[in-house]
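Below is one structure, written out as structure tokens, with a few remarks after it.
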Amino acid sequence: MNGTMDMKAIHYLYTLLVIALCLGSCAKDEVLEEPYGPGKKPLGIEIVNHGLSPSLGLPGTEVTVSAFGLLPFKDELVFRFNGERAEVVDITDSEIKVVVPDFASTGVTTISVGDVVVFGPIFSVTGKISIDPNFQVTQGANSGVEQVITAADGRMLVVGAFTNFDNKGVIRPINRIARTFADGTYDASLRSGSGANGVIGSIMPFKSGYLIAGAFNGYAQRGSDISNVTYINGNGTIDTMGVRPFRRPDQLDTIKYYPSFNGGFDQWVDALYLQGDKVIANGSFRYYISRRYDQPNRLETRDSVILDSVEIRQFARMNSDGSLDRTYRFDSAAGRSWAGGNGEARMSPILGGPNEGKLLVYGSFTQFDGQQQGYILRLNADGTIDETFNPGGTGADQLITKSFYNPATQKYVIAGNFRTYNGRPANRLAVLNEDGSLDESFVAKEFGGGGPSFIKQLSDGKIVVSGDFQTYAGIARNGFMVLDEQGNLIPGYNATGTFSGRIENIIERTAANGQRALLIYGYFTTFDSRFANNIIQVIIE
């Protein structure tokens with residue numbers, strides 16, 4: 001019986017082996033197709049590393065590129081400087097001669113044949129904007145810069161989200177506030193102590209010192225009794241006042257010190273504006289907050305501090321001591337502020353021109369104080385809506401991310417996601433007249449790869465734009481460009497390489513060598529394809 005079972009097992013294994021051999025034989029006869037098709041054959045073109053002569057130059061410069069394997073493709077190859085097609089002058093066995101095109105910018109060179117691309121070295125296009133080599137903030141800030149102001153003595157105060165500035169905060173953090181000399185050299189004499197424990201979004205000269213605002217509840221030695229706004233002395237120390245707080249009869253009377261500016265808000269304060277001897281604040285807040293030190297709390301404990309709050313949205317005006325000015329955008333009968341915007345509402349003070357003292361308001365709102373508004377309006381000095389701004393117009397059709405007024409040209413410039421303004425085409429950028437109507441002589445071109453987030457018009461009329469776009473009007477502009485007053489790229493001012501990040505503001509100033517300069521700050525890491533941590537200065541011709 002065992003022998004019979006063994007023979008059956010052997011026969012079974014033999015059958016399986018035959019089937020396997022048959023299957024293998026059949027598989028050899030089957031021809032499988034390549035699922036993705038044949039790969040691209042290499043062109044045999046090689047660009048020599050560092051093979052550009054010269055390796056930098058203006059548009060119009062003839063450049064010799066050392067390369068091999070070009071002749072078979074002489075009539076079909078295309079040479080580009082950072083995406084811009086160049087004129088080919090000559091091709092030999094070992095080189096190609098090309099001319100830098102008018103709107104070329106710093107970046108990689110390429111040779112393409114059909115859809116096959118060979119990458120070459122970086123060519124630096126020299127233009128009329130270049131990083132200032134004499135500006136002494138060489139390492140920048142390790143996080144965003146929200147605002148920079150210049151004091152009467154020429155020194156600059158810088159505030160933001162950073163904890164290290166120009167690498168001077170390695171040992172002791174520089175928390176959100178720093179001071180430099182005019183050339184950018186770090187000034188270690190500022191006595192800010194541990195600085196702010198949250199982002200400082202705004203700084204403004206006030207009395208003999210400065211008001212700072214943002215999202216913080218502590219500054220230097222004061223770890224409490226601050227609600228996103230406080231006053232600091234000119235040397236950077238927080239200004240305090242002596243107060244005799246509430247005591248029960250059985251307690252000793254003492255003096256305690258509290259911040260002298262007794263006013264603040266429950267949430268982020270984006271900007272401050274000095275109006276006479278009063279302060280207008282703008283932000284995402286809903287409540288104004290102040291403190292009382294002379295009354296008992298419910299338990300009548302010592303050193304009582306009572307918080308008072310008043311509902312007031314987005315805009316408020318404070319007196320010089322921090323108390324709330326209830327004559328500004330406030331309904332006294334209801335005990336709260338006017339409605340404000342149904343979305344984000346940011347302010348841009350109008351400094352100069354026939355409407356000086358008023359506020360331009362823009363953002364993501366479609367209603368303001370109960371009225372339909374197209375993402376932009378103007379407030380009178382008393383906080384009421386200025387009906388002379390864009391009368392009868394519908395404004396923008398989508399949000400506005402940045403706006404500034406230029407008193408030299410008496411124009412407003414706006415950037416955002418909109419495609420129309422007052423029903424007229426306005427492709428994400430627009431120039432407005434003094435009365436808020438659309439200046440139709442400015443025509444924005446098509447963006448590719450992204451859109452703009454920043455715009456500002458310089459005193460000479462040039463318009464600086466930044467964002468995450470890759471092309472403008474079909475021309476490679478990697479996040480930064482300069483336009484004329486009609487919306488065209490200006491030759492010579494658009495040679496800079498890649499920009500990465502977001503600009504908060506640009507300040508026109510004079511460089512250490514007397515040249516015209518732009519101080520650029522915000523949240524960015526790259527400018528002209530070079531390292532740039534949130535603050536740089538460029539020379540502009």
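The chains in the structure tokens are called A, B, ... from first to last as shown; in each chain the residues are counted from 1, and the ligands are counted from 1 in the order shown.
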
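Proximity to A:Asn167 at 9 Å, evaluated using only C-alpha atoms and with sequence-adjacent residues fewer than 3 positions away removed, yields Thr138, Gln139, Gly140, Ala141, Asn142, Asn164 and Val170 of chain A.
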
File dump, residues just selected, N, CA, C and O atoms, as a CSV table (one decimal), in the first residue's frame:
```csv
chain,number,residue,atom,x,y,z
A,138,THR,N,23.6,91.4,6.9
A,138,THR,CA,24.0,90.4,5.9
A,138,THR,C,23.3,89.1,6.2
A,138,THR,O,23.1,88.3,5.2
A,139,GLN,N,22.8,88.8,7.4
A,139,GLN,CA,22.2,87.5,7.7
A,139,GLN,C,20.7,87.6,7.8
A,139,GLN,O,20.0,86.6,7.9
A,140,GLY,N,20.1,88.8,7.8
A,140,GLY,CA,18.7,89.1,7.8
A,140,GLY,C,18.1,88.7,9.2
A,140,GLY,O,18.8,88.7,10.2
A,141,ALA,N,16.8,88.4,9.2
A,141,ALA,CA,16.1,88.0,10.4
A,141,ALA,C,15.6,86.5,10.2
A,141,ALA,O,15.3,86.1,9.1
A,142,ASN,N,15.6,85.8,11.3
A,142,ASN,CA,15.2,84.4,11.2
A,142,ASN,C,13.7,84.1,11.1
A,142,ASN,O,13.3,83.0,11.0
A,164,ASN,N,16.0,86.3,16.2
A,164,ASN,CA,17.4,86.5,15.9
A,164,ASN,C,17.5,87.5,14.8
A,164,ASN,O,16.8,87.3,13.8
A,170,VAL,N,22.3,84.9,18.8
A,170,VAL,CA,22.6,83.5,19.1
A,170,VAL,C,22.7,83.2,20.6
A,170,VAL,O,22.2,82.2,21.0
```

message: Env of A:Phe499: 9 Å cut, atoms = only C-alpha atoms, seq-sep filter 5 positions within chain, self excluded. Answer as JSON, numbers by chain.
response: {"A": [466, 467, 468, 477, 478, 479, 480, 524, 525, 526, 527, 528, 529, 530]}

- request: Determine, counting only C-alpha atoms, which protein, DNA and RNA residues have an atom within 12 Å of an atom of stretch 148-152 of chain A; residues of the same chain fewer than 2 positions away are not included. Present the result as an MDAnalysis selection string.
  value: chainID A and resid 144:146 154:160 176:184 200:206 208:212 234:235 504:509 519:522 534:536

- request: Show which residues sit within 8 Å of stretch 213-218 of chain A, as a list in words. Count only C-alpha atoms, and ignore same-chain residues fewer than 2 positions away.
  value: Ala196, Asn197, Gly198, Val199, Ile200, Gly201, Ser202, Ile203, Leu211, Ala220, Gln221, Arg222, Gly223, Ser224, Asp225, Ile226, Ser227, Asn228, Val229, Thr230, Gln267, Trp268, Val269, Asp270, Ala271 and Leu272 of chain A

query: If you run DSSP on this backbone, which residues of stretch 18-183 of chain A come out as strand (DSSP E or B), and could you give them as an MDAnalysis selection string?
result: chainID A and resid 46:53 56:57 62:68 78:81 84:85 87:91 95:99 107:113 116:125 129:131 141 145:150 156:160 165 177:180

- prompt: Do you know which residues are at most 7 Å from stretch 353-361 of chain A counting only C-alpha atoms, after dropping those on the same chain fewer than 4 positions away, and could you put them as a VMD selection string?
  reply: chain A and resid 345 to 349 376 to 381 407 410

- prompt: Using only C-alpha atoms, which residue out of A:Pro54, A:Gly374, A:Gly501, A:Gly44 lies closest to A:Val117?
  reply: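 Under the stated criterion, the closest residue is A:Gly44.
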
- prompt: Using only C-alpha atoms, which of the listed residues (A:Gly363, A:Gly83, A:Pro101, A:Gly352) sits closest to A:Lys411?
  reply: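 Looking only at the distances to A:Lys411, the closest residue turns out to be A:Gly352.
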
- prompt: Taking only C-alpha atoms into account, which of A:Gly416, A:Ile280, A:Glu434, A:Gln486 comes nearest A:Asp382?
  reply: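 Among A:Gly416, A:Ile280, A:Glu434, A:Gln486, it is A:Ile280 that comes nearest to A:Asp382.
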
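Counting from atom CA of A:Asp325, the distance to atom CA of A:Val279 is 9.3 Å.
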
- request: Would you mind reading off the distance between atom CA of A:Val113 and atom CA of A:Ala67, one decimal, in Å?
  value: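 Value for the atom CA of A:Val113-atom CA of A:Ala67 distance: 14.3 Å.
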
message: Report as a PyMOL selection string all protein, DNA and RNA residues lying within 10 Å of A:Arg326, evaluated on only C-alpha atoms, omitting residues in the same chain fewer than 2 positions from it.
response: chain A and resi 312+316-319+323-324+328-332+335-337

Top pick for closest residue to A:Val108, considering A:Asp266, A:Glu84, A:Asp90, A:Glu95 and counting only C-alpha atoms: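 For A:Val108, the nearest of the given residues is A:Glu84.
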
Which residue of A:Leu458, A:Ile503, A:Ile171, A:Val413 approaches A:Asp439 most closely, using only C-alpha atoms: A:Val413

Separation of atom CA of A:Arg85 from atom CA of A:Val465, in Å and rounded to one decimal: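 Taking atom CA of A:Arg85 as the start and atom CA of A:Val465 as the end point, the length is 23.5 Å.
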
- request: For A:Tyr472, work out the shell of residues within 8 Å, counting only C-alpha atoms and skipping chain neighbours fewer than 4 positions away, then give it as a count of residues only.
  value: 6

query: Of the candidates A:Tyr257, A:Phe165, A:Phe389, A:Tyr219, which one gets nearest to A:Gly436 if we count only C-alpha atoms?
result: A:Phe389
